[in-house]
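**Student:** File name query.cif; file contents mmCIF, C-alpha atoms; full text below.
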data_entry
#
loop_
_atom_site.label_atom_id
_atom_site.label_comp_id
_atom_site.auth_asym_id
_atom_site.auth_seq_id
_atom_site.Cartn_x
_atom_site.Cartn_y
_atom_site.Cartn_z
CA MET A 29 -25.63 -21.42 -5.41
CA THR A 30 -24.19 -18.97 -7.94
CA ASP A 31 -21.94 -20.46 -10.59
CA HIS A 32 -18.60 -18.70 -10.77
CA PRO A 33 -16.62 -18.50 -14.01
CA ALA A 34 -13.87 -21.06 -14.46
CA LEU A 35 -10.36 -20.04 -13.55
CA PRO A 36 -8.37 -19.01 -16.64
CA ARG A 37 -5.72 -21.26 -18.17
CA SER A 38 -3.02 -18.74 -17.28
CA PHE A 39 -3.87 -19.20 -13.62
CA ARG A 40 -3.16 -22.93 -13.84
CA TRP A 41 0.35 -22.14 -15.07
CA LEU A 42 0.73 -19.50 -12.37
CA LEU A 43 -0.39 -22.00 -9.73
CA LEU A 44 2.07 -24.60 -11.00
CA GLY A 45 4.98 -22.16 -11.13
CA ARG A 46 4.34 -20.58 -7.74
CA SER A 47 3.79 -23.98 -6.09
CA VAL A 48 7.14 -25.18 -7.43
CA VAL A 49 8.81 -22.00 -6.18
CA SER A 50 7.15 -22.44 -2.77
CA LEU A 51 8.55 -25.96 -2.62
CA SER A 52 11.99 -24.54 -3.45
CA ASP A 53 11.66 -22.02 -0.63
CA ALA A 54 10.60 -24.78 1.78
CA LEU A 55 13.65 -26.90 0.89
CA MET A 56 16.09 -24.12 1.70
CA PRO A 57 16.18 -23.69 5.50
CA VAL A 58 16.97 -27.34 6.23
CA ALA A 59 19.54 -27.63 3.45
CA LEU A 60 21.26 -24.34 4.27
CA GLY A 61 21.47 -25.18 7.97
CA PHE A 62 23.08 -28.56 7.35
CA ALA A 63 25.38 -27.14 4.67
CA ILE A 64 26.87 -24.31 6.72
CA LEU A 65 27.24 -26.47 9.82
CA ASP A 66 28.99 -29.16 7.75
CA VAL A 67 31.43 -26.61 6.31
CA THR A 68 32.16 -24.56 9.44
CA GLY A 69 30.75 -26.42 12.43
CA SER A 70 29.80 -22.98 13.76
CA VAL A 71 26.32 -21.85 14.77
CA GLY A 72 27.59 -18.27 14.50
CA SER A 73 28.46 -18.78 10.83
CA LEU A 74 24.99 -20.20 10.17
CA ALA A 75 23.36 -17.22 11.93
CA ALA A 76 25.48 -14.81 9.86
CA VAL A 77 24.50 -16.44 6.55
CA LEU A 78 20.81 -16.54 7.51
CA SER A 79 21.00 -12.89 8.59
CA CYS A 80 22.38 -11.97 5.18
CA ALA A 81 19.35 -13.45 3.44
CA VAL A 82 16.74 -12.11 5.86
CA GLY A 83 18.37 -8.68 6.17
CA ALA A 84 18.63 -8.25 2.41
CA ARG A 85 14.99 -9.24 2.01
CA MET A 86 13.79 -6.72 4.59
CA VAL A 87 15.88 -3.86 3.18
CA ALA A 88 14.83 -4.63 -0.39
CA LEU A 89 11.09 -5.07 0.20
CA PRO A 90 9.99 -1.41 -0.08
CA LEU A 91 12.05 -0.82 -3.23
CA ALA A 92 10.84 -4.15 -4.66
CA GLY A 93 7.27 -2.91 -4.28
CA VAL A 94 8.14 0.22 -6.22
CA LEU A 95 9.77 -1.80 -9.02
CA VAL A 96 6.84 -4.21 -9.34
CA ASP A 97 4.33 -1.34 -9.53
CA ARG A 98 6.45 0.59 -12.06
CA TYR A 99 7.64 -2.05 -14.49
CA ASP A 100 6.53 -5.17 -16.35
CA LEU A 101 5.14 -7.54 -13.72
CA ARG A 102 5.75 -10.79 -15.57
CA ARG A 103 9.34 -9.95 -16.53
CA LEU A 104 10.26 -8.88 -13.01
CA ALA A 105 8.80 -12.02 -11.44
CA CYS A 106 10.47 -14.21 -14.05
CA SER A 107 13.79 -12.43 -13.52
CA ALA A 108 13.57 -12.97 -9.77
CA ASP A 109 13.15 -16.71 -10.32
CA LEU A 110 16.07 -16.79 -12.76
CA VAL A 111 18.32 -14.94 -10.29
CA ARG A 112 17.47 -17.43 -7.56
CA CYS A 113 18.03 -20.27 -10.02
CA GLY A 114 21.56 -18.99 -10.64
CA VAL A 115 22.23 -18.41 -6.94
CA GLN A 116 21.17 -21.90 -5.92
CA ALA A 117 23.18 -23.48 -8.72
CA PHE A 118 26.27 -21.53 -7.62
CA VAL A 119 25.83 -22.51 -3.98
CA GLY A 120 25.21 -26.14 -4.92
CA VAL A 121 28.42 -26.30 -6.95
CA GLN A 122 30.30 -24.60 -4.09
CA LEU A 123 29.07 -27.17 -1.58
CA LEU A 124 29.99 -30.08 -3.83
CA SER A 125 33.49 -28.69 -4.39
CA ALA A 126 36.51 -29.52 -2.25
CA ARG A 127 36.67 -26.07 -0.59
CA PRO A 128 33.30 -24.30 -0.40
CA GLY A 129 33.57 -20.61 0.48
CA VAL A 130 31.22 -19.42 3.22
CA THR A 131 31.79 -15.76 2.29
CA ALA A 132 30.76 -16.42 -1.30
CA ILE A 133 27.69 -18.34 -0.13
CA ALA A 134 26.73 -15.45 2.17
CA ALA A 135 27.08 -12.98 -0.72
CA MET A 136 24.84 -15.17 -2.87
CA GLU A 137 22.25 -15.29 -0.09
CA VAL A 138 22.14 -11.48 -0.13
CA LEU A 139 21.34 -11.62 -3.84
CA ALA A 140 18.75 -14.33 -3.23
CA GLY A 141 17.16 -12.20 -0.50
CA VAL A 142 16.72 -9.28 -2.91
CA ALA A 143 15.20 -11.56 -5.57
CA SER A 144 12.93 -13.10 -2.94
CA ALA A 145 11.66 -9.62 -2.00
CA ILE A 146 10.65 -8.99 -5.63
CA SER A 147 8.91 -12.36 -5.79
CA MET A 148 7.00 -11.67 -2.57
CA CYS A 149 5.81 -8.26 -3.80
CA ALA A 150 4.77 -9.70 -7.17
CA ALA A 151 2.72 -12.58 -5.73
CA SER A 152 -0.55 -10.75 -5.03
CA PRO A 153 -0.45 -8.53 -8.16
CA LEU A 154 0.10 -11.65 -10.29
CA VAL A 155 -3.10 -13.28 -9.00
CA ALA A 156 -5.04 -10.04 -9.42
CA ALA A 157 -3.71 -9.58 -12.97
CA VAL A 158 -4.37 -13.16 -14.09
CA VAL A 159 -7.76 -13.69 -12.37
CA ARG A 160 -9.76 -10.60 -13.21
CA ASP A 161 -13.16 -11.84 -12.01
CA GLU A 162 -13.48 -11.01 -8.30
CA ARG A 163 -16.03 -13.79 -7.78
CA THR A 164 -13.43 -16.45 -8.54
CA ARG A 165 -10.42 -14.72 -7.03
CA GLN A 166 -10.90 -16.09 -3.53
CA ARG A 167 -10.92 -19.61 -4.98
CA ALA A 168 -7.70 -18.74 -6.82
CA ASN A 169 -6.09 -17.41 -3.64
CA ALA A 170 -7.21 -20.54 -1.76
CA LEU A 171 -5.58 -22.74 -4.40
CA MET A 172 -2.38 -20.69 -4.19
CA ALA A 173 -2.38 -21.09 -0.41
CA THR A 174 -2.99 -24.82 -0.80
CA GLY A 175 0.08 -25.10 -3.03
CA GLN A 176 2.14 -23.18 -0.48
CA GLY A 177 0.83 -25.30 2.38
CA THR A 178 1.70 -28.50 0.54
CA ALA A 179 5.18 -27.18 -0.10
CA LEU A 180 5.70 -26.25 3.54
CA LEU A 181 4.59 -29.73 4.58
CA LEU A 182 6.67 -31.71 2.09
CA GLY A 183 9.70 -29.43 1.61
CA PRO A 184 11.49 -30.02 4.93
CA LEU A 185 10.89 -33.78 4.70
CA ALA A 186 12.31 -33.92 1.17
CA ALA A 187 15.29 -31.74 2.08
CA GLY A 188 16.07 -33.82 5.15
CA GLY A 189 15.91 -37.03 3.13
CA ILE A 190 18.27 -35.72 0.44
CA VAL A 191 20.72 -34.30 2.99
CA LEU A 192 20.86 -37.56 4.96
CA THR A 193 21.23 -39.79 1.91
CA VAL A 194 23.39 -37.69 -0.42
CA SER A 195 24.60 -34.13 0.30
CA PRO A 196 23.18 -30.65 1.00
CA GLY A 197 24.73 -29.52 -2.29
CA TRP A 198 22.28 -31.64 -4.26
CA VAL A 199 19.35 -29.92 -2.56
CA PHE A 200 20.60 -26.59 -3.91
CA LEU A 201 20.98 -27.99 -7.42
CA ILE A 202 17.44 -29.41 -7.29
CA ASP A 203 16.33 -26.02 -5.98
CA ALA A 204 17.98 -24.29 -8.94
CA LEU A 205 16.11 -26.57 -11.33
CA ALA A 206 12.82 -25.81 -9.56
CA PHE A 207 13.36 -22.04 -9.78
CA GLY A 208 14.19 -22.46 -13.47
CA LEU A 209 10.90 -24.32 -13.96
CA GLY A 210 9.05 -21.58 -12.09
CA ALA A 211 10.56 -18.98 -14.41
CA ALA A 212 9.65 -21.03 -17.49
CA THR A 213 5.95 -21.10 -16.60
CA PHE A 214 5.72 -17.33 -17.17
CA ALA A 215 5.96 -18.00 -20.92
CA ALA A 216 2.43 -19.46 -20.76
CA ILE A 217 0.91 -16.76 -18.52
CA ARG A 218 -1.08 -13.86 -19.90
CA ILE A 219 -1.15 -10.75 -17.76
CA HIS A 220 -4.24 -8.51 -17.78
CA ARG A 221 -3.06 -5.42 -16.00
CA GLY A 222 -4.59 -1.99 -16.07
CA PRO A 223 -2.66 1.13 -17.06
CA ALA A 224 0.34 1.88 -14.91
CA GLY A 225 -0.15 4.44 -12.20
CA ALA A 226 1.53 7.80 -12.30
CA ARG A 227 5.17 7.56 -11.29
CA GLY A 228 6.56 9.81 -8.64
CA ALA A 229 9.57 11.98 -9.22
CA SER A 230 11.66 9.35 -7.47
CA ALA A 231 11.48 5.99 -5.76
CA TRP A 232 11.07 7.85 -2.48
CA ALA A 233 8.00 9.62 -3.86
CA ASP A 234 6.54 6.27 -4.90
CA LEU A 235 7.26 4.86 -1.45
CA ALA A 236 5.47 7.83 0.11
CA THR A 237 2.49 7.26 -2.17
CA GLY A 238 2.35 3.61 -1.13
CA TRP A 239 2.40 4.62 2.52
CA LYS A 240 -0.39 7.12 1.88
CA GLU A 241 -2.50 4.32 0.37
CA ILE A 242 -2.09 2.42 3.65
CA ARG A 243 -2.77 5.35 5.95
CA SER A 244 -5.93 6.24 4.03
CA ARG A 245 -7.38 2.77 4.67
CA ASN A 246 -7.92 2.23 8.35
CA TRP A 247 -9.02 -1.36 7.90
CA TYR A 248 -5.67 -2.22 6.28
CA TRP A 249 -3.22 -0.82 8.79
CA ILE A 250 -5.31 -1.93 11.79
CA THR A 251 -5.29 -5.47 10.42
CA LEU A 252 -1.53 -5.25 9.86
CA VAL A 253 -1.15 -4.52 13.57
CA ALA A 254 -3.17 -7.65 14.42
CA HIS A 255 -1.17 -9.72 11.93
CA GLY A 256 2.03 -8.36 13.45
CA GLY A 257 0.87 -9.69 16.82
CA VAL A 258 0.25 -13.11 15.29
CA ASN A 259 3.68 -13.17 13.66
CA PHE A 260 5.32 -12.02 16.89
CA ALA A 261 3.56 -14.67 18.98
CA ASP A 262 4.26 -17.47 16.52
CA GLN A 263 7.95 -16.57 16.31
CA VAL A 264 8.19 -16.56 20.11
CA LEU A 265 6.71 -20.06 20.10
CA ILE A 266 9.04 -21.21 17.33
CA THR A 267 11.97 -19.87 19.37
CA LEU A 268 10.96 -21.26 22.77
CA GLY A 269 8.82 -24.24 21.76
CA PRO A 270 11.60 -26.74 20.93
CA LEU A 271 13.40 -26.18 24.25
CA THR A 272 10.17 -26.26 26.27
CA ALA A 273 9.02 -29.43 24.53
CA ALA A 274 12.38 -31.14 25.03
CA ARG A 275 12.37 -30.35 28.77
CA HIS A 276 8.85 -31.46 29.57
CA HIS A 277 7.60 -33.80 26.84
CA GLY A 278 10.48 -34.78 24.58
CA GLU A 279 11.72 -33.47 21.25
CA ALA A 280 9.21 -35.60 19.32
CA VAL A 281 6.38 -33.38 20.58
CA TRP A 282 7.82 -30.33 18.83
CA VAL A 283 8.34 -32.32 15.62
CA ALA A 284 4.69 -33.41 15.87
CA CYS A 285 3.63 -29.77 16.35
CA VAL A 286 5.47 -28.64 13.23
CA GLN A 287 4.02 -31.44 11.10
CA THR A 288 0.51 -30.93 12.48
CA GLY A 289 0.82 -27.22 11.80
CA GLY A 290 1.65 -27.98 8.18
CA VAL A 291 -1.35 -30.28 7.91
CA GLY A 292 -3.55 -27.65 9.55
CA LEU A 293 -2.37 -24.94 7.17
CA LEU A 294 -3.08 -27.17 4.20
CA GLY A 295 -6.51 -28.15 5.52
CA GLY A 296 -7.48 -24.56 6.24
CA SER A 297 -6.36 -23.50 2.76
CA LEU A 298 -8.49 -26.24 1.19
CA LEU A 299 -11.56 -24.95 3.05
CA ALA A 300 -10.86 -21.29 2.35
CA SER A 301 -12.72 -21.10 -0.96
CA ARG A 302 -15.96 -21.90 0.92
CA PHE A 303 -15.22 -19.52 3.78
CA ARG A 304 -17.13 -16.31 2.96
CA PRO A 305 -18.20 -14.54 6.16
CA ARG A 306 -20.35 -11.43 5.89
CA ARG A 307 -17.83 -9.51 7.99
CA PRO A 308 -14.54 -11.00 6.83
CA LEU A 309 -12.10 -8.81 8.73
CA PHE A 310 -14.09 -8.92 11.96
CA ILE A 311 -14.18 -12.73 11.88
CA GLY A 312 -10.64 -13.06 10.55
CA ASN A 313 -8.98 -10.81 13.11
CA ALA A 314 -10.98 -12.27 16.00
CA VAL A 315 -10.29 -15.94 15.25
CA LEU A 316 -6.53 -15.34 14.83
CA ALA A 317 -6.46 -14.89 18.62
CA VAL A 318 -6.41 -18.71 18.66
CA PHE A 319 -2.62 -18.44 18.31
CA ALA A 320 -2.61 -17.70 22.05
CA LEU A 321 -3.81 -21.25 22.76
CA PRO A 322 -0.65 -23.25 21.94
CA LEU A 323 1.49 -20.59 23.67
CA THR A 324 -0.57 -20.92 26.84
CA LEU A 325 -0.61 -24.72 26.74
CA PHE A 326 3.18 -24.81 26.35
CA ALA A 327 3.51 -22.41 29.29
CA ILE A 328 1.46 -24.59 31.66
CA TRP A 329 3.01 -27.86 30.40
CA ALA A 330 -0.35 -29.21 29.24
CA PRO A 331 -0.59 -32.80 27.97
CA ALA A 332 1.25 -33.27 24.69
CA PRO A 333 -1.85 -34.21 22.60
CA LEU A 334 -3.54 -30.95 23.58
CA ILE A 335 -0.47 -28.92 22.63
CA VAL A 336 -0.14 -30.62 19.24
CA ALA A 337 -3.86 -30.24 18.50
CA ALA A 338 -3.82 -26.54 19.47
CA TYR A 339 -0.83 -25.86 17.24
CA GLY A 340 -2.55 -27.57 14.31
CA LEU A 341 -5.77 -25.64 14.96
CA SER A 342 -4.00 -22.29 14.99
CA TRP A 343 -2.38 -22.96 11.63
CA ALA A 344 -5.66 -24.27 10.19
CA VAL A 345 -7.26 -20.95 11.13
CA LEU A 346 -4.39 -19.09 9.47
CA GLY A 347 -4.80 -21.21 6.33
CA ALA A 348 -8.50 -20.35 6.16
CA VAL A 349 -8.11 -16.63 6.88
CA SER A 350 -5.17 -15.81 4.57
CA PRO A 351 -6.92 -16.31 1.19
CA PHE A 352 -9.89 -14.06 1.93
CA TRP A 353 -7.53 -11.42 3.32
CA ALA A 354 -5.53 -11.57 0.08
CA THR A 355 -8.76 -11.37 -1.96
CA LEU A 356 -9.99 -8.35 -0.01
CA VAL A 357 -6.69 -6.51 -0.48
CA GLN A 358 -6.65 -7.25 -4.22
CA ALA A 359 -10.20 -5.94 -4.55
CA ARG A 360 -9.82 -2.73 -2.53
CA ILE A 361 -6.25 -1.59 -3.24
CA PRO A 362 -5.66 0.00 -6.68
CA HIS A 363 -3.66 -2.41 -8.84
CA GLU A 364 -1.10 0.27 -9.67
CA ALA A 365 -0.20 0.48 -5.94
CA LEU A 366 -0.81 -3.13 -4.88
CA ALA A 367 2.84 -4.22 -4.79
CA ARG A 368 3.91 -1.24 -2.69
CA VAL A 369 1.08 -1.76 -0.23
CA THR A 370 1.76 -5.49 0.13
CA SER A 371 5.49 -4.81 0.49
CA TYR A 372 4.75 -2.82 3.64
CA GLY A 373 2.62 -5.73 4.83
CA TRP A 374 5.47 -8.19 4.33
CA LEU A 375 7.88 -5.78 5.99
CA SER A 376 5.68 -5.44 9.08
CA SER A 377 5.44 -9.24 9.38
CA LEU A 378 9.21 -9.71 9.12
CA ALA A 379 9.79 -6.87 11.58
CA ALA A 380 7.44 -8.50 14.10
CA GLN A 381 9.28 -11.80 13.73
CA SER A 382 12.64 -10.09 14.19
CA LEU A 383 11.36 -8.32 17.30
CA ALA A 384 10.23 -11.67 18.69
CA LEU A 385 13.73 -13.08 18.17
CA LEU A 386 15.06 -10.27 20.36
CA PHE A 387 12.25 -10.53 22.92
CA ALA A 388 12.30 -14.30 23.51
CA PRO A 389 15.83 -14.75 24.98
CA LEU A 390 15.63 -11.52 26.99
CA ALA A 391 12.23 -12.44 28.43
CA VAL A 392 13.36 -15.94 29.32
CA ALA A 393 16.43 -14.57 31.11
CA ALA A 394 14.31 -12.07 33.05
CA TRP A 395 11.11 -14.00 33.76
CA GLY A 396 11.48 -17.59 32.61
CA SER A 397 10.03 -19.33 29.55
CA ALA A 398 6.50 -19.77 30.97
CA THR A 399 6.03 -16.05 31.60
CA ALA A 400 7.51 -15.18 28.21
CA LEU A 401 5.03 -17.52 26.47
CA VAL A 402 2.06 -16.18 28.43
CA THR A 403 3.11 -12.59 27.69
CA ALA A 404 3.15 -13.34 23.95
CA ALA A 405 -0.24 -15.05 24.27
CA LEU A 406 -1.79 -12.04 26.02
CA LEU A 407 -0.34 -9.71 23.39
CA VAL A 408 -1.82 -11.60 20.44
CA VAL A 409 -5.24 -11.79 22.13
CA ALA A 410 -5.19 -8.07 22.95
CA LEU A 411 -4.22 -7.00 19.43
CA CYS A 412 -6.61 -9.36 17.62
CA VAL A 413 -9.61 -8.56 19.83
CA ALA A 414 -8.89 -4.82 19.85
CA SER A 415 -8.62 -4.70 16.07
CA ALA A 416 -11.80 -6.73 15.58
CA SER A 417 -13.70 -4.37 17.86
CA THR A 418 -13.04 -1.24 15.77
CA SER A 419 -15.75 0.06 13.46
CA ALA A 420 -13.30 0.21 10.54
CA ILE A 421 -12.92 -3.57 10.76
CA ARG A 422 -16.50 -4.52 11.62
CA ARG A 423 -18.01 -2.70 8.64
CA VAL A 424 -15.81 -4.11 5.88
CA ALA A 425 -17.93 -6.29 3.61
CA PRO A 426 -16.70 -9.14 1.37
CA PRO A 427 -15.15 -7.96 -1.92
CA ASP A 428 -17.68 -9.74 -4.13
CA THR A 429 -20.85 -8.14 -2.74
CA THR A 430 -21.29 -4.87 -4.61
CA ALA A 431 -19.46 -1.60 -4.90
CA ALA A 432 -19.60 0.22 -1.61
CA THR A 433 -21.34 3.54 -1.31
CA GLY A 434 -19.44 6.64 -0.26
CA ALA A 435 -20.85 6.36 3.29
CA GLU A 436 -19.77 2.71 3.54
CA LEU A 437 -16.29 3.57 2.30
CA LEU A 438 -16.00 6.29 4.91
CA ALA A 439 -17.20 3.96 7.66
CA SER A 440 -14.77 1.19 6.72
CA GLY A 441 -11.82 3.55 6.53
CA THR A 442 -11.36 3.33 2.77
CA ALA A 443 -12.18 6.97 2.18
CA ARG A 444 -8.88 8.81 1.84
CA ASP A 445 -9.16 11.00 4.86
CA GLY A 446 -6.40 9.38 6.90
CA ALA A 447 -8.55 9.58 10.02
CA PRO A 448 -8.05 6.80 12.57
#
Using structure tokens, write down the structure from this file.
**Tutor:**
Amino acid sequence: MTDHPALPRSFRWLLLGRSVVSLSDALMPVALGFAILDVTGSVGSLAAVLSCAVGARMVALPLAGVLVDRYDLRRLACSADLVRCGVQAFVGVQLLSARPGVTAIAAMEVLAGVASAISMCAASPLVAAVVRDERTRQRANALMATGQGTALLLGPLAAGGIVLTVSPGWVFLIDALAFGLGAATFAAIRIHRGPAGARGASAWADLATGWKEIRSRNWYWITLVAHGGVNFADQVLITLGPLTAARHHGEAVWVACVQTGGVGLLGGSLLASRFRPRRPLFIGNAVLAVFALPLTLFAIWAPAPLIVAAYGLSWAVLGAVSPFWATLVQARIPHEALARVTSYGWLSSLAAQSLALLFAPLAVAAWGSATALVTAALLVVALCVASASTSAIRRVAPPDTTAATGAELLASGTARDGAP
């Protein structure tokens, strides 16, 4: 077995900081939900506040990619953490005051959504800039995913415990402290980034260049379509799963699914550094069709243990696939365009989730929950299998093999011809 160089010291600080920030992100949904419902007692108010954060993030993502590619990566990422630190501190103080203002909290969530977009776009370029050796980068991405998986598993439990014993406001203050710690770790991180790419005449020109980078790589946009199907299907299940579980098995089954999914994601991330298939995108896109399994089992009211196991398996597969996808993108996308390209990836995922939120209630009203779940299952299978069957996907080799020849680049869709 080939010995890979040790991960640099800067990466350990990056891992610490991003894991703390991931924990902060995982604390938020539970705390925000309880906080707004305590203040207003209105589900509509909660939906409005959540929409402010999600909407701001989606609108800001393309511009955030431009900013991260144009300007100092470390300063932008640090600034994003500091902004979210200030936002969470403000919201925490508001919630602990006698008369918290929902409008002010919603405005702060808009600001937090913009900062979150910058942080999301900076995540992959940070790993690529800190871990320069491609042979160790998949291990680095696996460790980053492990930190995120741990946060997703522990965050909701910690937030629920604090809310039930003290107050939602304290969760926001703890969150502010965590974002401050995440920002502080950048002082110990050394960035090795190549020369900045040529800037366009405007942000729109840079956005167009980022889109051209995607269109010229068939393997990238085809995989985004498959990932969109996975995000769509999972959001349909998240929307319909709790109600279906409560009707046929009890609410505890859905809670068990969520916890098992967190464990699966963490377990898959831990195994990811050893997962090096010869055809990474072919295997990765094909196995993500497993997300159809829990959808189908929910639709046919299968025994609860099977449903819980299938949900955990699907998230374990996601945990294993995500790091080598991130590694491949970091290796094959020019660093000066990486943030813009990944911003479009994030945007497509959020758009698929938003579409699922519209689809689920309409489909249930028209066909019933079982048909809606099966429809989502068929869609994810069709998109994953269809993408895996294309030559652009089958011929992509792992990033640490050797530099591809011109013929291989053309076959895998990386030659800049824009041909489908």
**Student:** Give me, please, the distance in Å between CA of Leu298 (chain A) and CA of Ala348 (chain A), quoted to one decimal.
**Tutor:**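 Straight-line distance from CA of Leu298 (chain A) to CA of Ala348 (chain A) works out to 7.7 Å.
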**Student:** Could you give me, as a ChimeraX atom specification, the residues within 9 Å of Met86 (chain A), counting only C-alpha atoms and dropping anything in the same chain fewer than 5 positions from it?
**Tutor:** /A:81,141-142,145,374-375,378-379
**Student:** Going by the chain IDs and residue numbers used in this file, which residues fall under the PyMOL selection byres ((chain A and resi 380-397) around 7)? Write them as a short mmCIF file (atom, residue, chain, number, x, y, z; two decimals) with C-alpha atoms, in the coordinates of the input.
**Tutor:**
data_model
loop_
_atom_site.label_atom_id
_atom_site.label_comp_id
_atom_site.auth_asym_id
_atom_site.auth_seq_id
_atom_site.Cartn_x
_atom_site.Cartn_y
_atom_site.Cartn_z
CA GLY A 256 2.03 -8.36 13.45
CA ASN A 259 3.68 -13.17 13.66
CA PHE A 260 5.32 -12.02 16.89
CA GLN A 263 7.95 -16.57 16.31
CA VAL A 264 8.19 -16.56 20.11
CA THR A 267 11.97 -19.87 19.37
CA SER A 376 5.68 -5.44 9.08
CA SER A 377 5.44 -9.24 9.38
CA LEU A 378 9.21 -9.71 9.12
CA ALA A 379 9.79 -6.87 11.58
CA ALA A 398 6.50 -19.77 30.97
CA THR A 399 6.03 -16.05 31.60
CA ALA A 400 7.51 -15.18 28.21
CA LEU A 401 5.03 -17.52 26.47
#
**Student:** From the options A:Val115, A:Ala134, A:Ala187, A:Ala300, which residue's atoms come nearest to Gly83 (chain A), counting all atoms listed in the file?
**Tutor:**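 Of A:Val115, A:Ala134, A:Ala187, A:Ala300, the one nearest Gly83 (chain A) is A:Ala134, counting all atoms listed in the file.
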**Student:** Quick one: residues within 12 Å of Thr370 (chain A), all atoms listed in the file, excluding same-chain residues fewer than 2 positions away - as an NGL selection string?
**Tutor:** :A and (89-94 or 96-97 or 145-153 or 235 or 238-239 or 241-242 or 248-249 or 252 or 353-354 or 357-358 or 361-368 or 372-377)
**Student:** My list of candidates is A:Leu35, A:Ala75, A:Met56, A:Leu346. Which is closest to Val191 (chain A) when distances are computed with all atoms listed in the file?
**Tutor:**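 Going through A:Leu35, A:Ala75, A:Met56, A:Leu346 one by one, the smallest distance to Val191 (chain A) is for A:Met56.
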